[in-house]
>>> print(open('my_file.pdb').read())   # PDB, C-alpha atoms
ATOM      1  CA  MET D  20     152.407 110.686  98.405
ATOM      2  CA  THR D  21     151.159 107.436  99.914
ATOM      3  CA  ASN D  22     150.058 106.690 103.446
ATOM      4  CA  PRO D  23     149.381 103.255 104.977
ATOM      5  CA  LYS D  24     146.272 104.724 106.620
ATOM      6  CA  SER D  25     144.750 105.709 103.273
ATOM      7  CA  LEU D  26     142.889 103.167 101.129
ATOM      8  CA  LEU D  27     142.829 105.472  98.100
ATOM      9  CA  ILE D  28     145.988 104.095  96.515
ATOM     10  CA  PRO D  29     146.048 103.185  92.797
ATOM     11  CA  THR D  30     146.963  99.669  91.674
ATOM     12  CA  GLU D  31     148.695  98.656  88.451
ATOM     13  CA  SER D  32     145.273  97.725  87.081
ATOM     14  CA  ASP D  33     144.058 101.260  87.857
ATOM     15  CA  TYR D  34     147.052 102.693  85.998
ATOM     16  CA  ILE D  35     146.318 100.527  82.936
ATOM     17  CA  ASP D  36     142.652 101.617  83.042
ATOM     18  CA  ALA D  37     143.797 105.236  82.843
ATOM     19  CA  HIS D  38     146.776 104.987  80.488
ATOM     20  CA  GLY D  39     146.259 101.860  78.355
ATOM     21  CA  ASP D  40     145.760 101.755  74.560
ATOM     22  CA  THR D  41     145.620 105.351  73.326
ATOM     23  CA  LYS D  42     144.435 104.564  69.790
ATOM     24  CA  PRO D  43     140.717 104.818  70.759
ATOM     25  CA  GLU D  44     141.371 108.357  71.997
ATOM     26  CA  GLU D  45     142.633 109.318  68.527
ATOM     27  CA  GLN D  46     139.588 107.630  66.976
ATOM     28  CA  PHE D  47     137.294 109.664  69.208
ATOM     29  CA  ARG D  48     139.043 112.895  68.160
ATOM     30  CA  GLU D  49     138.468 112.035  64.490
ATOM     31  CA  THR D  50     134.805 111.192  65.142
ATOM     32  CA  TRP D  51     134.223 114.301  67.247
ATOM     33  CA  ASN D  52     135.788 116.632  64.680
ATOM     34  CA  LYS D  53     133.118 115.445  62.228
ATOM     35  CA  LEU D  54     130.143 115.302  64.583
ATOM     36  CA  ARG D  55     130.749 118.737  66.119
ATOM     37  CA  LEU D  56     129.934 120.319  62.752
ATOM     38  CA  GLU D  57     126.668 118.445  62.206
ATOM     39  CA  LYS D  58     123.459 120.478  62.220
ATOM     40  CA  ASP D  59     119.816 119.580  62.609
ATOM     41  CA  ALA D  60     116.960 120.390  60.214
ATOM     42  CA  ASN D  61     116.717 123.894  61.667
ATOM     43  CA  GLY D  62     120.364 124.642  61.040
ATOM     44  CA  ASN D  63     121.392 124.392  64.703
ATOM     45  CA  TYR D  64     124.438 122.458  65.873
ATOM     46  CA  LYS D  65     123.527 119.025  67.266
ATOM     47  CA  TYR D  66     126.495 119.247  69.627
ATOM     48  CA  PRO D  67     127.008 122.986  70.180
ATOM     49  CA  TRP D  68     129.357 122.845  73.167
ATOM     50  CA  ASP D  69     133.162 122.533  73.085
ATOM     51  CA  PHE D  70     134.997 121.729  76.322
ATOM     52  CA  GLU D  71     138.463 122.419  77.675
ATOM     53  CA  VAL D  72     140.336 122.226  80.971
ATOM     54  CA  VAL D  73     141.164 125.358  82.950
ATOM     55  CA  GLN D  74     144.571 125.182  84.616
ATOM     56  CA  GLY D  75     145.639 126.648  87.947
ATOM     57  CA  PHE D  76     142.997 125.186  90.253
ATOM     58  CA  PHE D  77     144.078 121.592  91.002
ATOM     59  CA  LYS D  78     147.365 119.677  90.943
ATOM     60  CA  GLN D  79     145.751 116.824  89.041
ATOM     61  CA  SER D  80     145.612 118.960  85.882
ATOM     62  CA  ASP D  81     149.343 119.723  86.070
ATOM     63  CA  ASP D  82     151.561 117.488  83.932
ATOM     64  CA  SER D  83     154.235 117.490  86.642
ATOM     65  CA  THR D  84     152.001 115.632  89.136
ATOM     66  CA  ASP D  85     152.872 111.925  89.345
ATOM     67  CA  ASP D  86     149.500 110.209  89.237
ATOM     68  CA  ARG D  87     150.943 106.837  90.280
ATOM     69  CA  VAL D  88     151.598 108.086  93.805
ATOM     70  CA  PHE D  89     149.542 111.269  94.220
ATOM     71  CA  ASN D  90     146.845 110.963  96.898
ATOM     72  CA  TYR D  91     144.319 113.808  96.886
ATOM     73  CA  ALA D  92     142.961 112.663 100.264
ATOM     74  CA  LEU D  93     146.257 113.693 101.882
ATOM     75  CA  ASP D  94     146.569 116.948  99.946
ATOM     76  CA  HIS D  95     143.287 118.869 100.347
ATOM     77  CA  MET D  96     141.877 117.288  97.177
ATOM     78  CA  GLY D  97     144.840 118.649  95.236
ATOM     79  CA  ARG D  98     143.646 122.241  95.291
ATOM     80  CA  LEU D  99     146.201 124.942  94.552
ATOM     81  CA  LYS D 100     144.358 127.679  96.458
ATOM     82  CA  SER D 101     141.761 128.079  99.169
ATOM     83  CA  TRP D 102     138.165 127.088  98.511
ATOM     84  CA  LYS D 103     137.163 130.712  98.984
ATOM     85  CA  GLU D 104     139.506 131.679  96.158
ATOM     86  CA  ILE D 105     138.377 128.794  93.940
ATOM     87  CA  VAL D 106     134.691 129.693  94.287
ATOM     88  CA  SER D 107     135.395 133.407  93.924
ATOM     89  CA  ASP D 108     137.512 132.838  90.806
ATOM     90  CA  LEU D 109     134.847 130.646  89.203
ATOM     91  CA  GLU D 110     132.101 133.145  89.985
ATOM     92  CA  LYS D 111     134.224 135.930  88.522
ATOM     93  CA  LEU D 112     134.997 133.911  85.395
ATOM     94  CA  ASN D 113     131.287 133.204  84.879
ATOM     95  CA  SER D 114     130.150 136.762  85.570
ATOM     96  CA  GLU D 115     132.667 138.199  83.097
ATOM     97  CA  ALA D 116     132.283 135.495  80.438
ATOM     98  CA  PRO D 117     130.471 136.061  77.114
ATOM     99  CA  ASP D 118     126.926 134.686  77.078
ATOM    100  CA  ASN D 119     128.085 131.551  75.255
ATOM    101  CA  VAL D 120     130.754 130.549  77.800
ATOM    102  CA  GLU D 121     130.379 128.820  81.187
ATOM    103  CA  TYR D 122     132.817 127.477  83.800
ATOM    104  CA  LYS D 123     132.192 124.524  86.097
ATOM    105  CA  LEU D 124     133.962 122.434  88.707
ATOM    106  CA  LEU D 125     133.322 118.779  87.885
ATOM    107  CA  ILE D 126     133.871 116.365  90.767
ATOM    108  CA  LEU D 127     134.348 112.975  89.130
ATOM    109  CA  ALA D 128     134.210 110.182  91.715
ATOM    110  CA  ARG D 129     134.861 106.488  91.101
ATOM    111  CA  HIS D 130     133.000 103.843  93.092
ATOM    112  CA  GLY D 131     134.767 102.104  95.957
ATOM    113  CA  GLU D 132     136.194  98.625  95.462
ATOM    114  CA  GLY D 133     133.554  96.196  94.211
ATOM    115  CA  TRP D 134     133.771  92.407  94.332
ATOM    116  CA  HIS D 135     134.656  92.347  90.624
ATOM    117  CA  ASN D 136     137.709  94.518  91.392
ATOM    118  CA  ARG D 137     138.702  92.002  94.078
ATOM    119  CA  VAL D 138     138.473  89.195  91.512
ATOM    120  CA  VAL D 139     140.643  91.101  88.996
ATOM    121  CA  ASN D 140     143.292  91.676  91.662
ATOM    122  CA  LYS D 141     143.055  88.044  92.763
ATOM    123  CA  HIS D 142     143.391  86.390  89.338
ATOM    124  CA  GLY D 143     145.030  89.090  87.184
ATOM    125  CA  LEU D 144     143.829  90.991  84.116
ATOM    126  CA  GLU D 145     144.674  88.238  81.626
ATOM    127  CA  ALA D 146     142.598  85.635  83.479
ATOM    128  CA  TRP D 147     139.803  88.180  83.845
ATOM    129  CA  ASP D 148     139.756  88.946  80.113
ATOM    130  CA  ASN D 149     139.946  85.280  79.137
ATOM    131  CA  LYS D 150     137.535  83.777  81.646
ATOM    132  CA  TYR D 151     136.181  85.547  84.682
ATOM    133  CA  HIS D 152     134.621  88.579  82.949
ATOM    134  CA  ALA D 153     131.739  86.392  81.722
ATOM    135  CA  LEU D 154     131.047  84.554  85.001
ATOM    136  CA  THR D 155     129.084  85.408  88.128
ATOM    137  CA  THR D 156     131.523  83.764  90.556
ATOM    138  CA  ASP D 157     135.026  82.299  90.714
ATOM    139  CA  GLY D 158     133.795  79.657  93.143
ATOM    140  CA  GLU D 159     134.562  81.775  96.191
ATOM    141  CA  ILE D 160     133.436  85.311  95.370
ATOM    142  CA  THR D 161     130.129  86.290  93.748
ATOM    143  CA  TYR D 162     130.827  89.429  91.726
ATOM    144  CA  ALA D 163     128.297  89.729  88.886
ATOM    145  CA  PRO D 164     126.008  91.048  87.707
ATOM    146  CA  ASP D 165     125.933  94.486  89.366
ATOM    147  CA  PRO D 166     128.221  93.672  92.315
ATOM    148  CA  GLU D 167     128.141  95.284  95.731
ATOM    149  CA  LEU D 168     130.984  97.124  97.439
ATOM    150  CA  THR D 169     133.529  95.099  99.400
ATOM    151  CA  ASP D 170     134.453  95.959 102.974
ATOM    152  CA  ILE D 171     137.358  97.961 101.541
ATOM    153  CA  GLY D 172     135.047  99.746  99.106
ATOM    154  CA  ILE D 173     132.828 100.835 101.989
ATOM    155  CA  LYS D 174     135.846 102.118 103.925
ATOM    156  CA  GLN D 175     137.086 104.018 100.850
ATOM    157  CA  ALA D 176     133.744 105.815 100.609
ATOM    158  CA  GLN D 177     133.925 106.580 104.341
ATOM    159  CA  GLU D 178     137.434 107.994 103.859
ATOM    160  CA  ASN D 179     136.047 110.302 101.175
ATOM    161  CA  ARG D 180     133.220 111.333 103.487
ATOM    162  CA  ASP D 181     135.717 112.274 106.199
ATOM    163  CA  LEU D 182     137.687 114.269 103.634
ATOM    164  CA  TRP D 183     134.621 116.095 102.313
ATOM    165  CA  LYS D 184     133.520 116.937 105.854
ATOM    166  CA  LYS D 185     136.897 118.613 106.519
ATOM    167  CA  GLU D 186     136.969 120.399 103.161
ATOM    168  CA  ILE D 187     133.392 121.675 103.522
ATOM    169  CA  GLU D 188     134.423 123.146 106.874
ATOM    170  CA  LEU D 189     137.239 124.872 104.951
ATOM    171  CA  GLY D 190     134.794 126.323 102.430
ATOM    172  CA  ALA D 191     134.352 123.623  99.778
ATOM    173  CA  PRO D 192     131.112 124.101  97.835
ATOM    174  CA  ILE D 193     128.489 121.377  98.113
ATOM    175  CA  PRO D 194     127.569 120.400  94.538
ATOM    176  CA  SER D 195     124.225 121.683  93.316
ATOM    177  CA  LYS D 196     123.571 118.487  91.368
ATOM    178  CA  PHE D 197     124.507 114.860  92.021
ATOM    179  CA  PHE D 198     124.553 112.430  89.088
ATOM    180  CA  VAL D 199     125.170 108.717  89.568
ATOM    181  CA  SER D 200     125.590 105.570  87.493
ATOM    182  CA  PRO D 201     122.737 103.036  87.762
ATOM    183  CA  LEU D 202     125.169 100.353  88.972
ATOM    184  CA  GLN D 203     124.851  99.822  92.708
ATOM    185  CA  ARG D 204     128.567 100.082  93.514
ATOM    186  CA  SER D 205     128.433 103.714  92.390
ATOM    187  CA  SER D 206     125.093 104.429  94.062
ATOM    188  CA  ASN D 207     126.261 102.994  97.392
ATOM    189  CA  THR D 208     129.507 104.981  97.145
ATOM    190  CA  LEU D 209     127.517 108.191  96.723
ATOM    191  CA  VAL D 210     125.230 107.353  99.662
ATOM    192  CA  ILE D 211     128.139 106.646 102.021
ATOM    193  CA  THR D 212     130.318 109.536 100.830
ATOM    194  CA  TRP D 213     127.619 112.179 101.236
ATOM    195  CA  GLN D 214     125.816 110.831 104.295
ATOM    196  CA  ASP D 215     124.703 113.799 106.449
ATOM    197  CA  LEU D 216     126.714 116.180 104.219
ATOM    198  CA  LYS D 217     124.388 116.558 101.250
ATOM    199  CA  PRO D 218     121.114 118.469 101.729
ATOM    200  CA  LYS D 219     118.178 116.078 101.342
ATOM    201  CA  ASP D 220     116.632 118.231  98.636
ATOM    202  CA  LYS D 221     119.657 117.554  96.397
ATOM    203  CA  GLN D 222     118.277 114.302  95.015
ATOM    204  CA  PRO D 223     120.791 112.125  93.133
ATOM    205  CA  ILE D 224     119.854 111.626  89.485
ATOM    206  CA  VAL D 225     120.482 108.153  88.038
ATOM    207  CA  VAL D 226     121.915 108.521  84.528
ATOM    208  CA  GLU D 227     122.612 105.775  81.987
ATOM    209  CA  LYS D 228     125.097 107.971  80.130
ATOM    210  CA  ILE D 229     127.653 107.837  82.969
ATOM    211  CA  ARG D 230     127.517 104.084  83.563
ATOM    212  CA  GLU D 231     130.589 101.913  83.013
ATOM    213  CA  THR D 232     131.666 100.683  79.568
ATOM    214  CA  ILE D 233     128.722  98.593  78.362
ATOM    215  CA  GLY D 234     128.796  94.940  77.320
ATOM    216  CA  LYS D 235     130.831  91.745  77.674
ATOM    217  CA  ASN D 236     131.805  92.106  81.347
ATOM    218  CA  LEU D 237     128.866  90.711  83.305
ATOM    219  CA  CYS D 238     129.716  92.899  86.310
ATOM    220  CA  ASP D 239     128.642  95.898  84.211
ATOM    221  CA  LYS D 240     125.092  94.648  83.626
ATOM    222  CA  ARG D 241     122.803  96.788  85.765
ATOM    223  CA  SER D 242     119.828  95.804  87.878
ATOM    224  CA  SER D 243     116.251  96.653  86.900
ATOM    225  CA  LYS D 244     114.743 100.061  87.601
ATOM    226  CA  THR D 245     112.417  98.406  90.135
ATOM    227  CA  ILE D 246     115.343  97.007  92.108
ATOM    228  CA  ILE D 247     117.247 100.298  91.921
ATOM    229  CA  ASP D 248     114.153 102.057  93.294
ATOM    230  CA  GLN D 249     113.871  99.486  96.092
ATOM    231  CA  ARG D 250     117.508  99.956  97.055
ATOM    232  CA  PHE D 251     117.897 103.702  96.690
ATOM    233  CA  GLY D 252     114.434 105.270  96.629
ATOM    234  CA  LYS D 253     114.719 105.861 100.387
ATOM    235  CA  TYR D 254     117.720 108.094  99.653
ATOM    236  CA  GLY D 255     115.738 110.183  97.177
ATOM    237  CA  PHE D 256     117.335 108.762  94.011
ATOM    238  CA  LYS D 257     115.510 109.880  90.868
ATOM    239  CA  THR D 258     115.228 107.141  88.230
ATOM    240  CA  ASP D 259     112.800 108.848  85.829
ATOM    241  CA  GLY D 260     115.413 108.848  83.072
ATOM    242  CA  ILE D 261     116.038 105.093  82.893
ATOM    243  CA  VAL D 262     113.945 102.227  81.541
ATOM    244  CA  GLU D 263     113.002  99.099  83.500
ATOM    245  CA  GLU D 264     115.451  96.561  82.096
ATOM    246  CA  ASP D 265     119.059  96.890  80.944
ATOM    247  CA  ILE D 266     118.371  97.038  77.209
ATOM    248  CA  TYR D 267     121.912  98.190  76.405
ATOM    249  CA  PHE D 268     123.972  95.283  77.729
ATOM    250  CA  GLY D 269     125.217  92.725  75.178
ATOM    251  CA  ASP D 270     128.088  90.397  74.309
ATOM    252  CA  GLU D 271     130.112  93.069  72.514
ATOM    253  CA  ARG D 272     132.185  95.548  74.543
ATOM    254  CA  GLU D 273     131.360  99.182  73.880
ATOM    255  CA  SER D 274     134.124 101.124  72.147
ATOM    256  CA  MET D 275     135.859 104.005  73.874
ATOM    257  CA  THR D 276     134.755 106.270  71.028
ATOM    258  CA  HIS D 277     131.098 105.416  71.664
ATOM    259  CA  GLN D 278     131.444 105.774  75.432
ATOM    260  CA  SER D 279     133.262 109.095  75.026
ATOM    261  CA  MET D 280     130.416 110.338  72.831
ATOM    262  CA  ARG D 281     127.810 109.503  75.469
ATOM    263  CA  ILE D 282     129.933 111.353  78.044
ATOM    264  CA  ASN D 283     130.124 114.245  75.596
ATOM    265  CA  GLU D 284     126.325 114.105  75.307
ATOM    266  CA  PHE D 285     126.030 114.158  79.098
ATOM    267  CA  LEU D 286     128.185 117.306  79.216
ATOM    268  CA  GLN D 287     126.226 118.850  76.333
ATOM    269  CA  ASP D 288     123.007 118.355  78.317
ATOM    270  CA  LEU D 289     124.599 119.588  81.543
ATOM    271  CA  PHE D 290     125.818 122.880  80.096
ATOM    272  CA  GLU D 291     122.750 123.404  77.912
ATOM    273  CA  SER D 292     120.525 123.107  80.998
ATOM    274  CA  ASP D 293     121.989 126.422  82.223
ATOM    275  CA  CYS D 294     120.963 128.206  79.021
ATOM    276  CA  LYS D 295     117.877 130.184  78.095
ATOM    277  CA  ASN D 296     117.266 130.947  74.422
ATOM    278  CA  GLY D 297     120.757 129.745  73.546
ATOM    279  CA  LYS D 298     122.500 132.014  76.063
ATOM    280  CA  VAL D 299     124.035 131.117  79.430
ATOM    281  CA  ASP D 300     121.827 132.264  82.296
ATOM    282  CA  LYS D 301     124.215 133.991  84.732
ATOM    283  CA  ASN D 302     122.140 133.041  87.773
ATOM    284  CA  LEU D 303     122.119 129.355  86.822
ATOM    285  CA  ALA D 304     125.841 129.489  86.066
ATOM    286  CA  LYS D 305     126.470 130.774  89.597
ATOM    287  CA  GLU D 306     124.075 128.259  91.167
ATOM    288  CA  ASN D 307     125.538 125.277  89.306
ATOM    289  CA  ILE D 308     129.264 125.949  89.662
ATOM    290  CA  ALA D 309     129.998 122.556  91.285
ATOM    291  CA  ILE D 310     128.641 119.289  89.873
ATOM    292  CA  SER D 311     129.149 115.782  91.303
ATOM    293  CA  THR D 312     129.220 112.530  89.345
ATOM    294  CA  THR D 313     129.807 109.092  90.863
ATOM    295  CA  SER D 314     130.693 106.507  88.249
ATOM    296  CA  HIS D 315     133.531 104.253  87.083
ATOM    297  CA  ALA D 316     137.129 104.060  85.878
ATOM    298  CA  GLY D 317     136.140 103.730  82.218
ATOM    299  CA  THR D 318     133.642 106.564  82.529
ATOM    300  CA  ILE D 319     136.142 108.918  84.151
ATOM    301  CA  ARG D 320     138.726 108.108  81.491
ATOM    302  CA  CYS D 321     136.153 109.163  78.906
ATOM    303  CA  PHE D 322     135.433 112.394  80.787
ATOM    304  CA  ILE D 323     139.176 113.038  80.735
ATOM    305  CA  ASN D 324     139.250 112.175  77.039
ATOM    306  CA  VAL D 325     136.343 114.482  76.131
ATOM    307  CA  LEU D 326     137.766 117.364  78.190
ATOM    308  CA  ASN D 327     141.255 116.757  76.773
ATOM    309  CA  HIS D 328     142.602 116.580  80.321
ATOM    310  CA  ARG D 329     145.926 114.877  80.976
ATOM    311  CA  LYS D 330     145.637 111.162  81.750
ATOM    312  CA  PHE D 331     145.256 110.497  85.457
ATOM    313  CA  THR D 332     145.077 107.260  87.427
ATOM    314  CA  ILE D 333     142.038 106.976  89.700
ATOM    315  CA  SER D 334     142.027 104.317  92.420
ATOM    316  CA  THR D 335     138.873 102.460  93.370
ATOM    317  CA  GLY D 336     137.037 104.930  95.578
ATOM    318  CA  GLY D 337     139.142 107.752  94.149
ATOM    319  CA  MET D 338     138.043 110.992  92.544
ATOM    320  CA  ILE D 339     139.359 113.866  90.474
ATOM    321  CA  PRO D 340     138.206 117.499  90.474
ATOM    322  CA  ILE D 341     138.408 119.237  87.088
ATOM    323  CA  VAL D 342     137.633 122.865  86.309
ATOM    324  CA  CYS D 343     136.413 123.134  82.742
ATOM    325  CA  ARG D 344     135.145 125.754  80.349
ATOM    326  CA  GLY D 345     132.288 125.130  77.973
ATOM    327  CA  THR D 346     131.949 127.298  74.859
ATOM    328  CA  ARG D 347     128.704 127.218  72.895
ATOM    329  CA  ARG D 348     129.193 127.641  69.163
ATOM    330  CA  GLN D 349     126.594 129.974  67.659
TER     331      GLN D 349
END
>>> encode(input="my_file.pdb", output="structure tokens")
Amino acid sequence: MTNPKSLLIPTESDYIDAHGDTKPEEQFRETWNKLRLEKDANGNYKYPWDFEVVQGFFKQSDDSTDDRVFNYALDHMGRLKSWKEIVSDLEKLNSEAPDNVEYKLLILARHGEGWHNRVVNKHGLEAWDNKYHALTTDGEITYAPDPELTDIGIKQAQENRDLWKKEIELGAPIPSKFFVSPLQRSSNTLVITWQDLKPKDKQPIVVEKIRETIGKNLCDKRSSKTIIDQRFGKYGFKTDGIVEEDIYFGDERESMTHQSMRINEFLQDLFESDCKNGKVDKNLAKENIAISTTSHAGTIRCFINVLNHRKFTISTGGMIPIVCRGTRRQ
């Protein structure tokens, strides 16, 4: 379902990002099956929440959807029913759920095209892996560290804004919380996408745990907290949870298992924040039905991995809505 007017069309590189090497996914499963049973000194689970996908809400969760050509922007975000029904169904699921179960709609957005993406498309993945990943420029394009959006990336975010405006008019819920990677391509994508749509009191929260795969690729080294504040403080971005310098970036590329675990930790924190005394607060569950994250291809693949969702290709500037159920082990 492609359209020459849409810029949200996956490339072969996007497909590889989503479907490449599956061995790390198996390694994560093995690691998670051990860690999920670990307890702290008080006998409580360190990672009490298990997550799974709920079918029947969006086409992207259906195995029959061809993710190479599917374009959510031309298909009402892929929803299988009206927004009124989606919200009503989620509220009903939460109201009737046991006090250790919660349902959420996760809106996982990828940043628009950055200059590093342009360089990958220009030179190819092999040349990127062998040479360009460690440089700041190819002699023509400056793309690291922490690159900006290209003109196409800006237009992709604007296309998403136009889509959200239409869907909100049709009843789409505005997320109660907005989380964003500290890398500026994601932050700028969020700003453009939600311009004049997001209430000003919904301040985006900058979170290290949803940043791109850490290490090796210089484009994934973030700017300092001071610079992030200078760029995005005027939009209300909250940076309390990050330190000044990028202490995590190094020469070694983070494993998918490690990145999946930090995404798991993000989801653990997200669901636990709606609990009081170990039980889901029904009012918070209703208030926080829809959650927005703006991050990266590698991050979204790890979300998909942790949730055990089917693999799905996400273009630059693309996004995927996933309804999931969290179950807190007692």
>>> closest_residue(input="my_file.pdb", among="D:Thr258, D:Thr212, D:Asn236, D:Asn136", to="Ala153 of chain D", atoms="all atoms listed in the file")
D:Asn236
>>> residues_around(input="my_file.pdb", residues="segment 214-217 of chain D", least_positions_apart="4", cutoff="8 Å", atoms="all atoms listed in the file", output="number ranges by chain")
D: 180, 184, 193, 210, 221
>>> closest_atom_pairs(input="my_file.pdb", of="segment 92-191 of chain D", to="segment 195-202 of chain D", cutoff="9 Å", atoms="all atoms listed in the file", output="Markdown table")
| residue | atom | partner | partner_atom | distance |
| --- | --- | --- | --- | --- |
| D:Asp165 | CA | D:Leu202 | CA | 5.9 |
| D:Pro166 | CA | D:Leu202 | CA | 8.1 |
| D:Glu167 | CA | D:Leu202 | CA | 9.0 |
>>> closest_atom_pairs(input="my_file.pdb", of="segment 197-277 of chain D", to="segment 23-43 of chain D", cutoff="12 Å", atoms="only C-alpha atoms", output="CSV")
residue,atom,partner,partner_atom,distance
D:Thr232,CA,D:Asp36,CA,11.6
D:Glu273,CA,D:Pro43,CA,11.4
D:Ser274,CA,D:Pro43,CA,7.7
D:Met275,CA,D:Pro43,CA,5.8
D:Thr276,CA,D:Pro43,CA,6.1
D:His277,CA,D:Pro43,CA,9.7
>>> write_last_selection(input="my_file.pdb", atoms="C-alpha atoms", output="PDB file, in the coordinates of the input")
ATOM      1  CA  THR D 232     131.666 100.683  79.568  1.00  0.00           C
ATOM      2  CA  GLU D 273     131.360  99.182  73.880  1.00  0.00           C
ATOM      3  CA  SER D 274     134.124 101.124  72.147  1.00  0.00           C
ATOM      4  CA  MET D 275     135.859 104.005  73.874  1.00  0.00           C
ATOM      5  CA  THR D 276     134.755 106.270  71.028  1.00  0.00           C
ATOM      6  CA  HIS D 277     131.098 105.416  71.664  1.00  0.00           C
TER       7      HIS D 277
END
>>> closest_residue(input="my_file.pdb", among="D:Ala316, D:Asn307, D:Thr155, D:Gly252", to="Phe331 of chain D", atoms="all atoms listed in the file")
D:Ala316
>>> closest_residue(input="my_file.pdb", among="D:Leu124, D:Ile160, D:Leu93, D:Val325", to="Glu110 of chain D", atoms="all atoms listed in the file")
D:Leu124
>>> resolve_selection(input="my_file.pdb", expression="the PyMOL selection byres ((chain D and resi 309) around 12)", output="number ranges by chain")
D: 102, 105-106, 109-110, 121-127, 191-198, 289-290, 303-308, 310-312, 340-343
>>> closest_residue(input="my_file.pdb", among="D:Gly143, D:Asn324, D:Arg250, D:Ile339", to="Arg98 of chain D", atoms="all atoms listed in the file")
D:Ile339
>>> resolve_selection(input="my_file.pdb", expression="the PyMOL selection byres ((chain D and resi 286) around 10)", output="list in words")
Tyr66, Trp68, Asp69, Phe70, Lys228, Met280, Arg281, Ile282, Asn283, Glu284, Phe285, Gln287, Asp288, Leu289, Phe290, Glu291, Ser292, Phe322, Val325, Leu326 and Gly345 of chain D
>>> write_last_selection(input="my_file.pdb", atoms="C-alpha atoms", output="compact mmCIF listing (two decimals), keeping the file's coordinate frame")
# COMPACT_ATOMS: atom_id res chain seq x y z
CA TYR D 66 126.50 119.25 69.63
CA TRP D 68 129.36 122.84 73.17
CA ASP D 69 133.16 122.53 73.08
CA PHE D 70 135.00 121.73 76.32
CA LYS D 228 125.10 107.97 80.13
CA MET D 280 130.42 110.34 72.83
CA ARG D 281 127.81 109.50 75.47
CA ILE D 282 129.93 111.35 78.04
CA ASN D 283 130.12 114.24 75.60
CA GLU D 284 126.32 114.10 75.31
CA PHE D 285 126.03 114.16 79.10
CA GLN D 287 126.23 118.85 76.33
CA ASP D 288 123.01 118.36 78.32
CA LEU D 289 124.60 119.59 81.54
CA PHE D 290 125.82 122.88 80.10
CA GLU D 291 122.75 123.40 77.91
CA SER D 292 120.52 123.11 81.00
CA PHE D 322 135.43 112.39 80.79
CA VAL D 325 136.34 114.48 76.13
CA LEU D 326 137.77 117.36 78.19
CA GLY D 345 132.29 125.13 77.97
>>> axis_aligned_box(input="my_file.pdb", around="segment 123-131 of chain D", padding_each_side="8 Å", output="lines of an AutoDock Vina configuration file")
center_x = 133.5
center_y = 113.3
center_z = 91.0
size_x = 18.7
size_y = 38.4
size_z = 25.9
>>> atom_distance(input="my_file.pdb", atom1="atom CA of Glu132 of chain D", atom2="atom CA of Cys238 of chain D")
12.6 Å
>>> atom_distance(input="my_file.pdb", atom1="atom CA of Glu71 of chain D", atom2="atom CA of Thr346 of chain D")
8.6 Å
>>> closest_residue(input="my_file.pdb", among="D:Glu178, D:Asp85, D:Glu145, D:Asp239", to="Gly337 of chain D", atoms="all atoms listed in the file")
D:Glu178
>>> resolve_selection(input="my_file.pdb", expression="the PyMOL selection byres ((chain D and resi 261) around 8)", output="ChimeraX atom specification")
/D:225-227,244,258-260,262-263
>>> atom_distance(input="my_file.pdb", atom1="atom CA of Leu237 of chain D", atom2="atom CA of Pro164 of chain D")
5.3 Å
>>> closest_residue(input="my_file.pdb", among="D:Leu144, D:Ile266, D:Ala128, D:Leu56", to="Thr313 of chain D", atoms="all atoms listed in the file")
D:Ala128
>>> residues_around(input="my_file.pdb", residues="Leu168 of chain D", least_positions_apart="3", cutoff="7 Å", atoms="all atoms listed in the file", output="number ranges by chain")
D: 131-134, 172-173, 204
>>> decode(input="my_file.pdb", residues="segment 126-151 of chain D", atoms="C-alpha atoms", output="mmCIF file, in the first residue's frame")
data_model
loop_
_atom_site.group_PDB
_atom_site.id
_atom_site.type_symbol
_atom_site.label_atom_id
_atom_site.label_comp_id
_atom_site.auth_asym_id
_atom_site.auth_seq_id
_atom_site.Cartn_x
_atom_site.Cartn_y
_atom_site.Cartn_z
ATOM 1 C CA ILE D 126 2.573 4.294 20.226
ATOM 2 C CA LEU D 127 6.140 3.571 19.155
ATOM 3 C CA ALA D 128 7.424 6.263 16.787
ATOM 4 C CA ARG D 129 10.756 6.276 14.959
ATOM 5 C CA HIS D 130 12.555 9.543 14.246
ATOM 6 C CA GLY D 131 12.384 11.026 10.765
ATOM 7 C CA GLU D 132 15.306 10.600 8.385
ATOM 8 C CA GLY D 133 18.550 11.856 9.917
ATOM 9 C CA TRP D 134 21.728 12.711 8.023
ATOM 10 C CA HIS D 135 23.257 9.390 9.105
ATOM 11 C CA ASN D 136 20.364 7.578 7.379
ATOM 12 C CA ARG D 137 21.115 9.586 4.227
ATOM 13 C CA VAL D 138 24.752 8.460 4.395
ATOM 14 C CA VAL D 139 23.761 4.782 4.798
ATOM 15 C CA ASN D 140 21.484 5.025 1.763
ATOM 16 C CA LYS D 141 24.184 6.859 -0.188
ATOM 17 C CA HIS D 142 27.086 4.467 0.472
ATOM 18 C CA GLY D 143 25.361 1.199 1.454
ATOM 19 C CA LEU D 144 25.360 -0.822 4.676
ATOM 20 C CA GLU D 145 28.679 -2.564 4.017
ATOM 21 C CA ALA D 146 30.552 0.722 3.552
ATOM 22 C CA TRP D 147 28.794 2.112 6.619
ATOM 23 C CA ASP D 148 29.822 -0.850 8.784
ATOM 24 C CA ASN D 149 33.394 -0.833 7.491
ATOM 25 C CA LYS D 150 34.091 2.893 7.452
ATOM 26 C CA TYR D 151 31.487 5.591 7.802
#
